[in-house]
Amino acid sequence: MGDVQETLNQAIQSTTLKTGKYLTFTLADEEYGIGILKVKEIIGMMPITSVPRTPDFVKGVINLRGKVIPVIDLRLKFGMASIPYTDRTCIIVVEIDANDMTIQIGIVVDAVSEVLNIKEEEIENAPSFGTSLNTDYILGMAKIDKGVKILLDIDRVLSAKEIQLLGER
Amino acid sequence: MPYEIMKDLIEKFSCELVLADPEDSQNMSGLLPVLKKMHGECIRLSLQSEAGEVIRARDLITRGISGNDTDADQRIASLETFIKELSHAVTNAGQSENRSKDTESGAVETDPGDTADAEGTGAAAPHAGEADPAAVSREASISDHHADLETKLDELTLLIGGFCPGEIPVLGDMLNNLDELIAVSKHIAPSLFHDTALACKKYVETMTMEETSSTRPVEEGLVLLKSILSHMKRNEPFAFDCSDVLELLEIRFSEEKTAEPEQQAPAADNQAEPEKKAPVKISGDDMEILIDFVSEAQENLETIEVNLIDLEQDPANMEIINNIFRPFHTIKGVSGFLSLNRINRLAHATENLLDSARSGEFIINDTATDVILESVDTLKQLIERVSEGINTGFMPKDDDIDVDSLRDKLQTLQRALIRGDREPLGEILVKRKMVDQASLDQALEDQKSHPDRKIGEILVDAKKVQPGQVASALMDQVPSRKKPDTQVKVSTRKLDDLVDYAGELVIAQSMLKQKTMDYPLISQNVSQLGQIVTNMQTIAMSMRMISIKATFMKMIRLVRDLAKKSGKEVNLTMQGEDTEIDRNVVDALYEPMVHMIRNSVDHGIEAVSDRLEKGKPSQGEIVLRAYHKGGHIMIEIEDDGKGLDRDAILEKAKKTGLVTGKEQMTDAQVYDLIMQPGFSTAKQITDVSGRGVGMDVVKNGLEKFRGQLQIASKKGRGTKFTISLPLTLAIIDGMLVRVDEEKYVIPTMAIQKAFKPAREECFTVEGKGEMVKDRGSLIPVIRLNNIYKTDRSNEKKPVHEGLVVVVESKDEKRAFLIDELLGKDEYVIKSLGAHLEGVEGLAGGAILADGRVGLILDVHGIFGIR
């Protein structure tokens with residue numbers, strides 16, 4: 001029984017802890033990471049149908065093999081300047097949990113870098129900038145080699161509530 | 001090998017038990033569904049005591065989850081013992097099953113397992129804190145009794161197993177045996193064992209006197225005794241609904257008029273009625289099972305209804321009876337496991353009735369159908385309560401729903417029904433007008449002198465009918481039922497995905513086709529591919545389609561009930577019931593159809609006396625017709641009643657101020673008036689319809705699903721309602737338009753006309769904006785690029801340089817200014833995803849022919865944008 005307990009505990013820990021594989025990508029010279037389990041696929045840029053009366057960072061919708069999914073420009077979402085899309089620009093299709101269902105959303109990033117194995121000890125909690133800044137959507141900062149990669153909690157970055165709130169404004 | 005499944009389940013359970021974390025209730029509750037299945041299996045294999053064990057294990061887990069029992073490891077340990085013993089018992093049972101079945105020694109073989117079982121759990125029980133200390137001290141003497149009882153029971157089993165009808169000595173042995181059982185059990189509490197033994201004895205006595213040869217009741221009693229015994233050995237109360245066994249035993253001697261007071265029945269009722277007075281909280285794991293149960297049961301009840309209707313047409317068809325029997329059986333089994341007593345008991349009583357019908361004791365007649373339907377309705381109510389309970393989280397009270405009187409009814413009926421017979425062949429032939437009554441009588445007369453000849457042969461010999469006709473009549477007598485295809489349950493999500501991919505395939509294929517046009521060799525293959533792709537898409541689409549038959553069947557039930565209530569004779573015939581429509585549309589259809597059928601029966605069809613006066617047959621006809629017509633499904637409801645009264649409608653309309661009475665109106669326009677809110681010409685409000693809400697509700701309901709309603713009627717001859725609905729709600733007819741660089745789809749339904757306005761037809765009205773003039777009226781212009789903020793150039797293009805599309809929604813008109821009409825097509829409506837659901841003015845997205853996404857406009861939503 002004890003062994004079973006141990007195995008179970010380990011299994012639970014591995015899912016809750018931040019250790020794991022991350023897909024990293026660049027956005028305005030910064031490196032970011034998303035948990036690999038959230039990533040559904042990576043596709044090249046394709047024609048996006050813009051949807052009126054939505055916030056700026058909602059680029060519109062695309063046809064992903066017969067499914068209509070919304071696409072969000074992460075640069076605009078993070079308040080960075082928009083740049084013209086290049087052939088390295090990618091759409092990362094992520095699956096996020098919202099209201100008990102999983103939905104697919106595409107996010108536009110400058111370029112996809114690599115998949116990294118990041119250990120718990122390499123991750124530091126997100127720095128607090130005081131109360132005025134919300135850092136909820138940052139899972140932590142990973143120190144790899146010399147650089148720092150920002151690990152994103154993509155569920156929070158793309159919460160439907162936030163997008164709708166902005167839409168009403 | 002029937003034990004295979006059980007073994008699998010046991011294995012699964014042990015695996016999950018090992019993996020389960022005793023502290024985590026979520027985890028433990030995962031075990032419950034397996035237990036549920038195990039219980040079902042036990043019942044199926046008639047391993048009563050094991051079934052009891054399973055229930056016990058379930059209680060153990062539930063207690064653990066609710067936190068009343070703190071000792072988690074003990075609990076796991078006893079669960080482990082339980083599963084070990086169970087597996088042991090099942091293996092034994094399985095082996096004995098394999099041996100020759102000359103005696104019922106199988107039961108003896110199981111017993112070592114049982115005993116070990118009792119010991120194992122008995123040891124664990126004190127830790128679980130439920131053993132009665134007094135009982136433990138008495139255990140020594142009682143266990144002697146138990147061993148005694150066990151041997152006696154085994155002997156009795158052997159006797160019954162070897163019993164042949166008419167062997168009085170064997171019956172005597174049985175009686176002796178039972179006497180001993182009764183003597184031993186006299187001092188053992190609970191008295192249930194004693195009572196059951198008494199009941200068994202009484203039954204065997206009747207067997208000697210009456211020469212009844214059926215030993216089934218005694219066998220049932222025996223099984224009951226055994227399971228009570230195994231429960232007693234474990235010092236736990238016997239919690240099953242055993243009333244049916246007692247009833248089975250009792251029915252016989254109540255017929256015999258043994259006027260002794262029957263103390264068994266109340267005993268059984270007490271067992272079965274631990275009604276909880278205070279609402280009981282449903283635990284999370286139970287919830288899951290309950291939800292499963294509710295949806296399963298609702299589905300089951302639907303099939304029962306449909307099959308009952310079938311059965312009415314063909315009461316002797318065993319297959320249909322079986323189809324009705326099975327769902328009741330399932331409901332009974334599962335509700336027993338969930339301790340939903342009322343449901344369990346009612347389902348059980350109904351099942352009993354059907355069981356006798358199934359074994360050919362009688363034929364289900366109209367009364368029986370009525371009672372079964374009543375039982376279905378009550379079960380529905382009860383299940384509705386359960387599902388309410390699921391929502392609130394508390395077990396609802398269902399004391400107010402009366403089950404017992406219905407149960408009595410079912411039982412009396414079961415006793416009262418005697419074996420009927422099939423419709424005679426001769427009658428069928430007469431009905432079909434193949435022979436006349438005179439020649440049939442003649443033939444029947446002949447048959448009396450040659451009793452071994454069949455009526456069909458005589459008739460053929462006498463050259464009254466063709467052999468072929470007799471053959472077809474014979475077919476009618478025992479109609480062959482075509483086997484339905486086996487079906488698979490697939491989640492709608494997978495189906496939707498399939499449709500999506502099929503759609504994509506079509507697009508990809510058409511692109512490939514364009515690119516390979518110049519290469520004849522490849523293009524041949526590509527066009528073949530195209531053929532396959534198109535077929536695949538059709539099939540994918542058709543998977544969402546279901547036949548409308550189920551809905552029609554419900555109408556039959558409705559007409560049946562309504563006709564009975566209003567005392568009219570109505571026959572409902574269906575045509576094209578195999579027509580297929582999208583499953584969403586079926587839901588849209590149901591309500592309006594109910595309304596209209598009610599109207600037809602209540603207002604349309606006249607009372608029998610009126611009909612006869614007018615020279616119509618006493619039985620009214622309602623025809624339900626379904627067919628496809630140009631991408632729409634048409635449903636016609638036609639009756640041969642009194643028809644709509646044009647003058648009455650006009651008069652009423654004048655009274656309510658709908659018309660002035662001076663207008664020239666066509667019949668269709670007059671009939672349309674009845675679809676106005678609050679319009680009803682019925683002189684009195686009946687229970688069925690005529691409350692003044694009706695046709696307008698129907699009309700609105702249909703319009704919501706882009707449907708239409710037409711009325712045709714002839715006074716005195718009947719009325720015909722025609723509903724037309726799009727085949728699927730997922731596809732929309734749309735016009736693709738271009739505004740600047742954007743492409744939009746406007747639903748064709750909303751479009752009135754499109755035209756290029758002349759310069760002098762465009763106006764700007766102070767304070768109201770731009771207008772165009774169309775046939776004398778001014779229509780406000782909406783610039784899509786303006787409200788959608790897609791206008792990049794700063795200068796406004798004058799209206800007369802573009803095209804305007806006049807759209808109408810809810811009697812409002814607007815003109816959309818567009819640049820180009822790109823064509824008309826059918827589009828599959830797709831959601832833009834939860835994030836973009838609420839965007840004003842958009843109904844959804846559609847994949848265009850080039851693979852890009854186009855936006856479908858919500859015309860009415862746009863009107864609201866300022």
# chains A, B, ... in the order shown; residues from 1 in each chain; ligands from 1
$ closest_atom_pairs --of "chain A" --to "chain B" --cutoff "7 Å" --atoms "only C-alpha atoms" --output "CSV"
residue,atom,partner,partner_atom,distance
A:Val4,CA,B:Leu19,CA,6.5
A:Gln5,CA,B:Asp21,CA,7.0
A:Pro47,CA,B:Arg852,CA,6.9
A:Thr49,CA,B:Val853,CA,6.0
A:Pro52,CA,B:Tyr788,CA,5.1
A:Arg53,CA,B:Tyr788,CA,6.2
A:Val61,CA,B:Val853,CA,6.9
A:Ile62,CA,B:Val853,CA,6.1
A:Asn63,CA,B:Val853,CA,5.8
A:Arg65,CA,B:Glu504,CA,5.9
A:Gly66,CA,B:Asp500,CA,4.6
A:Lys67,CA,B:Asp500,CA,6.5
A:Val68,CA,B:Leu832,CA,5.9
A:Ile69,CA,B:Gly833,CA,6.3
A:Pro70,CA,B:Leu832,CA,6.8
A:Ala160,CA,B:His835,CA,5.2
A:Ile163,CA,B:His835,CA,6.8
A:Gln164,CA,B:His835,CA,6.8
$ residues_around --residues "B:Tyr590" --least-positions-apart "4" --cutoff "7 Å" --atoms "only C-alpha atoms" --output "list in words"
Thr551, Val586 and Val594 of chain B
$ select_by_dssp --residues "stretch 20-85 of chain A" --states "helix (DSSP H, G or I)" --output "PDB file with all heavy atoms, in the first residue's frame"
ATOM      1  N   ILE A  36       3.758  22.426 -22.638  1.00  0.00           N
ATOM      2  CA  ILE A  36       3.583  21.726 -23.912  1.00  0.00           C
ATOM      3  C   ILE A  36       2.229  21.028 -23.986  1.00  0.00           C
ATOM      4  O   ILE A  36       1.671  20.823 -25.064  1.00  0.00           O
ATOM      5  CB  ILE A  36       4.733  20.712 -24.116  1.00  0.00           C
ATOM      6  CG1 ILE A  36       4.833  20.287 -25.581  1.00  0.00           C
ATOM      7  CG2 ILE A  36       4.556  19.478 -23.261  1.00  0.00           C
ATOM      8  CD1 ILE A  36       5.571  21.250 -26.426  1.00  0.00           C
ATOM      9  N   LEU A  37       1.668  20.671 -22.817  1.00  0.00           N
ATOM     10  CA  LEU A  37       0.397  19.947 -22.830  1.00  0.00           C
ATOM     11  C   LEU A  37      -0.752  20.825 -23.301  1.00  0.00           C
ATOM     12  O   LEU A  37      -1.810  20.349 -23.673  1.00  0.00           O
ATOM     13  CB  LEU A  37       0.097  19.398 -21.443  1.00  0.00           C
ATOM     14  CG  LEU A  37       1.046  18.287 -21.000  1.00  0.00           C
ATOM     15  CD1 LEU A  37       0.747  17.871 -19.578  1.00  0.00           C
ATOM     16  CD2 LEU A  37       0.942  17.098 -21.940  1.00  0.00           C
ATOM     17  N   LYS A  38      -0.517  22.139 -23.237  1.00  0.00           N
ATOM     18  CA  LYS A  38      -1.566  23.060 -23.659  1.00  0.00           C
ATOM     19  C   LYS A  38      -1.558  23.263 -25.180  1.00  0.00           C
ATOM     20  O   LYS A  38      -2.547  23.728 -25.747  1.00  0.00           O
ATOM     21  CB  LYS A  38      -1.341  24.428 -22.998  1.00  0.00           C
ATOM     22  CG  LYS A  38      -1.681  24.443 -21.538  1.00  0.00           C
ATOM     23  CD  LYS A  38      -3.172  24.534 -21.401  1.00  0.00           C
ATOM     24  CE  LYS A  38      -3.595  24.282 -19.961  1.00  0.00           C
ATOM     25  NZ  LYS A  38      -5.019  23.965 -19.899  1.00  0.00           N
ATOM     26  N   LEU A  74      -0.606  38.072 -29.654  1.00  0.00           N
ATOM     27  CA  LEU A  74      -0.075  38.189 -28.304  1.00  0.00           C
ATOM     28  C   LEU A  74       0.668  39.508 -28.109  1.00  0.00           C
ATOM     29  O   LEU A  74       0.694  40.066 -27.026  1.00  0.00           O
ATOM     30  CB  LEU A  74       0.842  37.002 -27.997  1.00  0.00           C
ATOM     31  CG  LEU A  74       0.821  36.505 -26.559  1.00  0.00           C
ATOM     32  CD1 LEU A  74      -0.588  36.261 -26.083  1.00  0.00           C
ATOM     33  CD2 LEU A  74       1.644  35.234 -26.415  1.00  0.00           C
ATOM     34  N   ARG A  75       1.271  40.003 -29.195  1.00  0.00           N
ATOM     35  CA  ARG A  75       1.952  41.302 -29.106  1.00  0.00           C
ATOM     36  C   ARG A  75       0.960  42.375 -28.674  1.00  0.00           C
ATOM     37  O   ARG A  75       1.217  43.127 -27.735  1.00  0.00           O
ATOM     38  CB  ARG A  75       2.502  41.691 -30.489  1.00  0.00           C
ATOM     39  CG  ARG A  75       3.970  41.368 -30.672  1.00  0.00           C
ATOM     40  CD  ARG A  75       4.388  41.747 -32.069  1.00  0.00           C
ATOM     41  NE  ARG A  75       5.833  41.565 -32.225  1.00  0.00           N
ATOM     42  CZ  ARG A  75       6.733  42.516 -31.977  1.00  0.00           C
ATOM     43  NH1 ARG A  75       6.343  43.710 -31.598  1.00  0.00           N
ATOM     44  NH2 ARG A  75       8.011  42.274 -32.120  1.00  0.00           N
ATOM     45  N   LEU A  76      -0.185  42.411 -29.339  1.00  0.00           N
ATOM     46  CA  LEU A  76      -1.184  43.429 -29.024  1.00  0.00           C
ATOM     47  C   LEU A  76      -1.774  43.181 -27.638  1.00  0.00           C
ATOM     48  O   LEU A  76      -2.048  44.113 -26.884  1.00  0.00           O
ATOM     49  CB  LEU A  76      -2.288  43.433 -30.076  1.00  0.00           C
ATOM     50  CG  LEU A  76      -1.832  43.838 -31.473  1.00  0.00           C
ATOM     51  CD1 LEU A  76      -2.964  43.680 -32.470  1.00  0.00           C
ATOM     52  CD2 LEU A  76      -1.335  45.281 -31.462  1.00  0.00           C
ATOM     53  N   LYS A  77      -1.934  41.902 -27.326  1.00  0.00           N
ATOM     54  CA  LYS A  77      -2.502  41.562 -26.024  1.00  0.00           C
ATOM     55  C   LYS A  77      -1.606  42.071 -24.899  1.00  0.00           C
ATOM     56  O   LYS A  77      -2.083  42.529 -23.866  1.00  0.00           O
ATOM     57  CB  LYS A  77      -2.661  40.044 -25.944  1.00  0.00           C
ATOM     58  CG  LYS A  77      -3.065  39.499 -24.592  1.00  0.00           C
ATOM     59  CD  LYS A  77      -4.546  39.711 -24.334  1.00  0.00           C
ATOM     60  CE  LYS A  77      -4.957  39.083 -23.019  1.00  0.00           C
ATOM     61  NZ  LYS A  77      -5.469  39.975 -22.036  1.00  0.00           N
TER      62      LYS A  77
END
$ residues_around --residues "B:Pro592" --least-positions-apart "5" --cutoff "8 Å" --atoms "only C-alpha atoms" --output "NGL selection string"
:B and (697-699 or 701-702)
$ write_last_selection --atoms "all heavy atoms" --output "PDB file, in the first residue's frame"
ATOM      1  N   VAL B 697     -48.589  30.605 -30.803  1.00  0.00           N
ATOM      2  CA  VAL B 697     -47.424  29.976 -30.188  1.00  0.00           C
ATOM      3  C   VAL B 697     -46.747  29.051 -31.197  1.00  0.00           C
ATOM      4  O   VAL B 697     -45.522  29.035 -31.357  1.00  0.00           O
ATOM      5  CB  VAL B 697     -47.850  29.169 -28.946  1.00  0.00           C
ATOM      6  CG1 VAL B 697     -46.641  28.509 -28.320  1.00  0.00           C
ATOM      7  CG2 VAL B 697     -48.550  30.057 -27.948  1.00  0.00           C
ATOM      8  N   VAL B 698     -47.593  28.302 -31.883  1.00  0.00           N
ATOM      9  CA  VAL B 698     -47.073  27.384 -32.892  1.00  0.00           C
ATOM     10  C   VAL B 698     -46.272  28.160 -33.930  1.00  0.00           C
ATOM     11  O   VAL B 698     -45.149  27.801 -34.279  1.00  0.00           O
ATOM     12  CB  VAL B 698     -48.240  26.648 -33.575  1.00  0.00           C
ATOM     13  CG1 VAL B 698     -47.729  25.835 -34.749  1.00  0.00           C
ATOM     14  CG2 VAL B 698     -48.937  25.757 -32.583  1.00  0.00           C
ATOM     15  N   LYS B 699     -46.883  29.256 -34.386  1.00  0.00           N
ATOM     16  CA  LYS B 699     -46.245  30.024 -35.458  1.00  0.00           C
ATOM     17  C   LYS B 699     -44.894  30.581 -35.002  1.00  0.00           C
ATOM     18  O   LYS B 699     -43.891  30.453 -35.694  1.00  0.00           O
ATOM     19  CB  LYS B 699     -47.173  31.165 -35.874  1.00  0.00           C
ATOM     20  CG  LYS B 699     -46.741  31.845 -37.146  1.00  0.00           C
ATOM     21  CD  LYS B 699     -47.692  32.977 -37.486  1.00  0.00           C
ATOM     22  CE  LYS B 699     -47.138  33.792 -38.623  1.00  0.00           C
ATOM     23  NZ  LYS B 699     -47.493  35.198 -38.477  1.00  0.00           N
ATOM     24  N   GLY B 701     -43.044  29.516 -32.558  1.00  0.00           N
ATOM     25  CA  GLY B 701     -42.117  28.416 -32.323  1.00  0.00           C
ATOM     26  C   GLY B 701     -41.455  27.982 -33.609  1.00  0.00           C
ATOM     27  O   GLY B 701     -40.251  27.717 -33.652  1.00  0.00           O
ATOM     28  N   LEU B 702     -42.252  27.934 -34.666  1.00  0.00           N
ATOM     29  CA  LEU B 702     -41.694  27.476 -35.934  1.00  0.00           C
ATOM     30  C   LEU B 702     -40.776  28.533 -36.544  1.00  0.00           C
ATOM     31  O   LEU B 702     -39.746  28.216 -37.127  1.00  0.00           O
ATOM     32  CB  LEU B 702     -42.819  27.140 -36.911  1.00  0.00           C
ATOM     33  CG  LEU B 702     -43.594  25.866 -36.577  1.00  0.00           C
ATOM     34  CD1 LEU B 702     -44.775  25.715 -37.506  1.00  0.00           C
ATOM     35  CD2 LEU B 702     -42.688  24.651 -36.678  1.00  0.00           C
TER      36      LEU B 702
END
